[in-house]
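Undergrad: Handing you this structure, nothing more for now.
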Amino acid sequence: MQFQEPSMTAMNDTPLVVAGVEYRSRLLVGTGKYKDMDETREAIETSGAEIVTVAVRRSNIGQNPDEPNLLDVISPDKYTILPNTAGCYTVEDAVRTCRLARELLDGHNLVKLEVLGDEKTLFPDITATLDATEILVKDGFEVMVYTNDDPIIAKRLEDMGCVAVMPLAAPIGSGLGIRNPYNILTIVENASVPILVDAGVGTASDAAIAMELGCDGVLMNTAIAAAQKPVLMASAMKKAIDAGREAFLAGRMPRKRFASASSPIDGTFF
């Protein structure tokens, strides 16, 4: 792999810290919807992601010994594996899935919790999410939680002990981008744990906007895997995350209603 110079973000920024572990990349990626294992591996490598999420109910990470193992492509020696509860619609299924993942991954406690409300919208069932969070935190899990963009619920999940809160930008797989930036901004401003936009990102500009709002990172899958050229989109997303983070750190100019000359006119002779 060709050596890449570190970006200004990497040189001047503090790292992303999740459950006490530092990460250089603020892009988290999924593993679903790729055409094959080779494309999965290449896209993830190109993205620069260090945290890779896996749908335990839909992927083989050792529970089916006669099938290809996704961990052969995304080695736990190279990536932080983030098992998720995608496809779970009840508290019981979500908790059971997390416990299965911990068993398969030799005591790994970091999980992404999502408890869905219905198959059409894939919006989170917030009541069930709160119940599952309580059980998992008491059981020693480090919970990164998928939720809606409600600032009150986001803060409550943080107070319950989640190590990261992951509000949706738009429905899962929709590619609609951030539909309610002001809610996301409020969540970020009130948080003391990482806030990661999860779901709804469609292209690089969506990822950049999330980072410009001050989010600590973005998790995506479909935006890369469903692109016409997934590996190229993974590259674009990596750059967008860096650009958005740098813009946030730089501080944008104030918005104005009217024009303001780029060159100062004070002291001119005519």
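Note on naming: chains are A, B, ... as they come in the structure tokens, residues start from 1 per chain, ligands start from 1 in the order shown.
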List the spatial neighbours of region 18-24 of chain A as an MDAnalysis selection string - criterion: any atom at most 8 Å away, only C-alpha atoms, same-chain residues fewer than 6 positions off excluded.
TA: chainID A and resid 10 50 110 142 163:164 194
Undergrad: Using C-alpha atoms, can you write the selected residues to a file as a compact mmCIF listing (two decimals), in the first residue's frame?
TA:
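Just written: out.txt:
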# COMPACT_ATOMS: atom_id res chain seq x y z
CA ALA A 10 -4.20 13.85 11.97
CA GLU A 50 -10.20 1.35 12.32
CA LEU A 110 -17.86 -3.27 22.76
CA GLU A 142 -19.64 -1.03 26.41
CA VAL A 163 -19.87 4.97 25.61
CA ALA A 164 -21.09 6.63 22.39
CA PRO A 194 -18.62 10.75 21.37
Undergrad: So what do you get for CA of Leu168 (chain A) versus CA of Phe141 (chain A), distance-wise?
TA: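 Here the two named atoms are 21.7 Å from each other.
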Undergrad: List every residue of region 150-185 of chain A that DSSP, applied to the backbone of this structure, places in alpha helix (DSSP H), and write the result as a PyMOL selection string.
TA: chain A and resi 151-159+181-185
Undergrad: With DSSP run on the backbone, what are the strand (DSSP E) residues within region 37-239 of chain A? I'd like them as a PyMOL selection string.
TA: chain A and resi 51-55+80-84+110-113+142-147+164-167+196-198+217-220
Undergrad: Considering only C-alpha atoms, return as an MDAnalysis selection string whatever protein or nucleic-acid residues lie within 10 Å of Asp93 (chain A), sequence-local ones (same chain, fewer than 5 positions apart) excluded.
TA: chainID A and resid 57 85 87:88 98:99 115 132
Undergrad: Pull N, CA, C and O atoms from the residues just selected and write them as a PDB file, in the first residue's frame.
TA:
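Once written, result18.pdb looks like this:
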ATOM      1  N   ARG A  57     -26.293 -11.175  13.198  1.00  0.00           N
ATOM      2  CA  ARG A  57     -27.374 -12.032  12.721  1.00  0.00           C
ATOM      3  C   ARG A  57     -27.290 -12.299  11.226  1.00  0.00           C
ATOM      4  O   ARG A  57     -27.984 -13.193  10.727  1.00  0.00           O
ATOM      5  N   THR A  85     -26.475  -5.241  16.454  1.00  0.00           N
ATOM      6  CA  THR A  85     -27.709  -6.020  16.586  1.00  0.00           C
ATOM      7  C   THR A  85     -28.696  -5.705  15.467  1.00  0.00           C
ATOM      8  O   THR A  85     -29.907  -5.737  15.677  1.00  0.00           O
ATOM      9  N   GLY A  87     -31.275  -5.975  12.645  1.00  0.00           N
ATOM     10  CA  GLY A  87     -32.286  -7.006  12.441  1.00  0.00           C
ATOM     11  C   GLY A  87     -33.009  -7.426  13.702  1.00  0.00           C
ATOM     12  O   GLY A  87     -33.897  -8.290  13.656  1.00  0.00           O
ATOM     13  N   CYS A  88     -32.668  -6.805  14.837  1.00  0.00           N
ATOM     14  CA  CYS A  88     -33.342  -7.139  16.091  1.00  0.00           C
ATOM     15  C   CYS A  88     -34.492  -6.163  16.341  1.00  0.00           C
ATOM     16  O   CYS A  88     -34.316  -4.943  16.260  1.00  0.00           O
ATOM     17  N   CYS A  98     -25.954  -9.658  21.431  1.00  0.00           N
ATOM     18  CA  CYS A  98     -24.734  -9.096  22.031  1.00  0.00           C
ATOM     19  C   CYS A  98     -23.981 -10.153  22.835  1.00  0.00           C
ATOM     20  O   CYS A  98     -22.740 -10.230  22.785  1.00  0.00           O
ATOM     21  N   ARG A  99     -24.701 -10.973  23.553  1.00  0.00           N
ATOM     22  CA  ARG A  99     -24.046 -12.017  24.343  1.00  0.00           C
ATOM     23  C   ARG A  99     -23.412 -13.078  23.452  1.00  0.00           C
ATOM     24  O   ARG A  99     -22.324 -13.594  23.760  1.00  0.00           O
ATOM     25  N   VAL A 115     -32.223  -1.452  18.314  1.00  0.00           N
ATOM     26  CA  VAL A 115     -33.476  -2.204  18.412  1.00  0.00           C
ATOM     27  C   VAL A 115     -34.479  -1.475  17.524  1.00  0.00           C
ATOM     28  O   VAL A 115     -34.854  -0.332  17.796  1.00  0.00           O
ATOM     29  N   ALA A 132     -33.026  -2.268  26.626  1.00  0.00           N
ATOM     30  CA  ALA A 132     -31.872  -3.102  26.280  1.00  0.00           C
ATOM     31  C   ALA A 132     -30.570  -2.473  26.771  1.00  0.00           C
ATOM     32  O   ALA A 132     -29.664  -3.170  27.241  1.00  0.00           O
TER      33      ALA A 132
END
Undergrad: Could you list, as JSON, numbers by chain, every residue within 12 Å of Thr53 (chain A), counting only C-alpha atoms and ignoring same-chain residues fewer than 3 positions away?
TA: {"A": [27, 28, 29, 30, 31, 32, 44, 49, 50, 56, 58, 59, 61, 70, 71, 74, 76, 79, 80, 81, 82, 83, 84, 85, 86, 101, 110, 111, 112, 113, 144, 198, 219, 220, 221]}
Undergrad: Can I get the selection written as a CSV table (one decimal), in the first residue's frame, with N, CA, C and O atoms?
TA:
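Written file, part-v8.csv:
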chain,number,residue,atom,x,y,z
A,27,LEU,N,-13.9,7.7,10.7
A,27,LEU,CA,-14.8,7.1,9.8
A,27,LEU,C,-15.0,5.6,10.3
A,27,LEU,O,-14.0,4.9,10.4
A,28,LEU,N,-16.2,5.2,10.6
A,28,LEU,CA,-16.5,3.8,10.9
A,28,LEU,C,-17.3,3.2,9.8
A,28,LEU,O,-18.2,3.9,9.2
A,29,VAL,N,-17.0,2.0,9.4
A,29,VAL,CA,-17.7,1.4,8.3
A,29,VAL,C,-18.3,0.0,8.6
A,29,VAL,O,-17.9,-0.6,9.5
A,30,GLY,N,-19.3,-0.3,7.8
A,30,GLY,CA,-19.9,-1.6,7.9
A,30,GLY,C,-19.4,-2.6,6.9
A,30,GLY,O,-18.5,-2.2,6.1
A,31,THR,N,-20.0,-3.8,6.9
A,31,THR,CA,-19.4,-4.9,6.0
A,31,THR,C,-20.5,-5.5,5.1
A,31,THR,O,-20.2,-6.4,4.4
A,32,GLY,N,-21.7,-5.0,5.1
A,32,GLY,CA,-22.8,-5.6,4.3
A,32,GLY,C,-22.9,-5.0,2.9
A,32,GLY,O,-22.3,-3.9,2.6
A,44,ILE,N,-12.8,-1.4,2.7
A,44,ILE,CA,-12.5,-1.1,4.1
A,44,ILE,C,-11.1,-0.6,4.3
A,44,ILE,O,-10.8,0.4,5.0
A,49,ALA,N,-10.7,3.2,7.9
A,49,ALA,CA,-11.4,3.0,9.1
A,49,ALA,C,-10.7,2.0,10.0
A,49,ALA,O,-10.0,1.1,9.6
A,50,GLU,N,-10.8,2.2,11.3
A,50,GLU,CA,-10.2,1.3,12.3
A,50,GLU,C,-11.3,0.6,13.1
A,50,GLU,O,-10.9,-0.4,13.7
A,56,VAL,N,-24.2,-9.3,13.4
A,56,VAL,CA,-24.0,-10.7,13.9
A,56,VAL,C,-25.1,-11.7,13.4
A,56,VAL,O,-24.8,-12.8,13.0
A,58,ARG,N,-26.5,-11.5,10.5
A,58,ARG,CA,-26.4,-11.6,9.0
A,58,ARG,C,-25.0,-12.0,8.5
A,58,ARG,O,-24.9,-12.2,7.3
A,59,SER,N,-24.1,-12.1,9.4
A,59,SER,CA,-22.7,-12.4,8.9
A,59,SER,C,-22.1,-13.5,9.8
A,59,SER,O,-22.5,-13.7,10.9
A,61,ILE,N,-19.2,-14.8,11.8
A,61,ILE,CA,-17.9,-14.5,12.5
A,61,ILE,C,-17.5,-15.6,13.3
A,61,ILE,O,-16.8,-15.5,14.4
A,70,LEU,N,-16.1,-13.9,8.0
A,70,LEU,CA,-15.8,-12.5,7.7
A,70,LEU,C,-14.5,-12.0,8.4
A,70,LEU,O,-13.9,-11.1,7.9
A,71,LEU,N,-14.2,-12.6,9.5
A,71,LEU,CA,-13.0,-12.2,10.2
A,71,LEU,C,-11.7,-12.5,9.5
A,71,LEU,O,-10.6,-12.0,9.9
A,74,ILE,N,-11.5,-9.1,7.7
A,74,ILE,CA,-11.3,-8.0,8.7
A,74,ILE,C,-10.8,-8.5,10.0
A,74,ILE,O,-11.5,-8.7,10.9
A,76,PRO,N,-9.4,-9.2,13.6
A,76,PRO,CA,-9.4,-8.4,14.8
A,76,PRO,C,-8.0,-7.9,15.3
A,76,PRO,O,-7.9,-7.1,16.1
A,79,TYR,N,-8.3,-4.5,13.1
A,79,TYR,CA,-9.5,-3.6,13.3
A,79,TYR,C,-10.1,-3.9,14.6
A,79,TYR,O,-10.0,-5.0,15.1
A,80,THR,N,-10.8,-2.9,15.1
A,80,THR,CA,-11.7,-3.1,16.3
A,80,THR,C,-13.0,-3.6,15.7
A,80,THR,O,-13.7,-2.8,14.9
A,81,ILE,N,-13.4,-4.8,16.0
A,81,ILE,CA,-14.7,-5.3,15.5
A,81,ILE,C,-15.8,-4.8,16.4
A,81,ILE,O,-15.7,-5.0,17.6
A,82,LEU,N,-16.8,-4.3,15.7
A,82,LEU,CA,-18.0,-3.7,16.5
A,82,LEU,C,-19.2,-4.5,16.1
A,82,LEU,O,-19.9,-4.2,15.1
A,83,PRO,N,-19.5,-5.6,16.8
A,83,PRO,CA,-20.7,-6.4,16.5
A,83,PRO,C,-21.9,-5.5,16.8
A,83,PRO,O,-22.0,-4.8,17.7
A,84,ASN,N,-22.9,-5.7,15.9
A,84,ASN,CA,-24.2,-4.9,16.0
A,84,ASN,C,-25.4,-5.8,16.0
A,84,ASN,O,-25.3,-7.0,15.6
A,85,THR,N,-26.5,-5.2,16.5
A,85,THR,CA,-27.7,-6.0,16.6
A,85,THR,C,-28.7,-5.7,15.5
A,85,THR,O,-29.9,-5.7,15.7
A,86,ALA,N,-28.2,-5.4,14.3
A,86,ALA,CA,-29.1,-5.1,13.1
A,86,ALA,C,-30.0,-6.3,12.9
A,86,ALA,O,-29.6,-7.5,13.0
A,101,ALA,N,-22.2,-12.5,20.4
A,101,ALA,CA,-21.0,-11.8,19.9
A,101,ALA,C,-19.9,-11.8,20.9
A,101,ALA,O,-18.7,-12.1,20.5
A,110,LEU,N,-17.4,-4.4,23.5
A,110,LEU,CA,-17.9,-3.3,22.8
A,110,LEU,C,-18.9,-3.7,21.7
A,110,LEU,O,-18.6,-4.5,20.9
A,111,VAL,N,-20.1,-3.1,21.8
A,111,VAL,CA,-21.2,-3.5,20.9
A,111,VAL,C,-21.9,-2.3,20.4
A,111,VAL,O,-21.9,-1.2,21.0
A,112,LYS,N,-22.5,-2.4,19.2
A,112,LYS,CA,-23.4,-1.4,18.7
A,112,LYS,C,-24.8,-1.9,18.9
A,112,LYS,O,-25.2,-2.9,18.3
A,113,LEU,N,-25.6,-1.2,19.7
A,113,LEU,CA,-27.0,-1.6,20.0
A,113,LEU,C,-27.9,-0.9,19.1
A,113,LEU,O,-27.9,0.3,19.0
A,144,MET,N,-22.4,1.3,22.3
A,144,MET,CA,-22.6,2.4,21.3
A,144,MET,C,-24.0,2.2,20.8
A,144,MET,O,-24.3,1.2,20.2
A,198,ASP,N,-25.1,8.1,12.5
A,198,ASP,CA,-25.2,6.7,12.0
A,198,ASP,C,-26.5,6.6,11.2
A,198,ASP,O,-27.6,6.9,11.7
A,219,LEU,N,-20.6,6.8,11.0
A,219,LEU,CA,-20.6,5.4,10.7
A,219,LEU,C,-21.5,5.2,9.4
A,219,LEU,O,-22.6,5.8,9.4
A,220,MET,N,-21.0,4.5,8.5
A,220,MET,CA,-21.8,4.3,7.2
A,220,MET,C,-21.5,2.9,6.6
A,220,MET,O,-20.4,2.3,6.9
A,221,ASN,N,-22.4,2.4,5.8
A,221,ASN,CA,-22.2,1.2,5.1
A,221,ASN,C,-22.8,1.3,3.7
A,221,ASN,O,-22.0,1.3,2.7
Undergrad: Might you pull out every residue within 9 Å of Ala247 (chain A), with only C-alpha atoms counted and same-chain residues fewer than 3 positions away left off, and present them as a list of chain:residue names?
TA: A:Ala208, A:Met211, A:Glu212, A:Asp242, A:Ala243, A:Gly244, A:Ala250, A:Gly251, A:Arg252
Undergrad: Residues as selected, C-alpha atoms, written as a PDB file, in the first residue's frame, can you do that?
TA:
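Generated file (again_27.pdb):
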ATOM      1  CA  ALA A 208     -18.512  16.493   5.658  1.00  0.00           C
ATOM      2  CA  MET A 211     -18.265  16.612  10.815  1.00  0.00           C
ATOM      3  CA  GLU A 212     -18.721  20.364  10.361  1.00  0.00           C
ATOM      4  CA  ASP A 242     -10.991  14.814   7.240  1.00  0.00           C
ATOM      5  CA  ALA A 243     -12.184  17.937   5.403  1.00  0.00           C
ATOM      6  CA  GLY A 244     -15.283  18.314   7.560  1.00  0.00           C
ATOM      7  CA  ALA A 250     -10.962  26.021  11.794  1.00  0.00           C
ATOM      8  CA  GLY A 251     -14.306  27.687  12.558  1.00  0.00           C
ATOM      9  CA  ARG A 252     -16.348  28.872   9.619  1.00  0.00           C
TER      10      ARG A 252
END
Undergrad: Between CA of Ser47 (chain A) and CA of Ala227 (chain A), what is the distance, to one decimal in Å?
TA: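 For CA of Ser47 (chain A) relative to CA of Ala227 (chain A), the distance reads 13.6 Å.
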Undergrad: For Val91 (chain A), which of A:Ala128, A:Leu249, A:Pro151, A:Leu196 is the closest residue, counting only C-alpha atoms?
TA: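 Closest candidate: A:Ala128.
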Undergrad: Nearest residue to Ala236 (chain A) out of A:Met37, A:Ala204, A:Ala223, A:Ile187, using only C-alpha atoms?
TA: A:Ala204
Undergrad: One decimal, in Å: what's the spacing between CA of Ile51 (chain A) and CA of Gly217 (chain A)?
TA: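 Straight-line distance from CA of Ile51 (chain A) to CA of Gly217 (chain A) works out to 10.9 Å.
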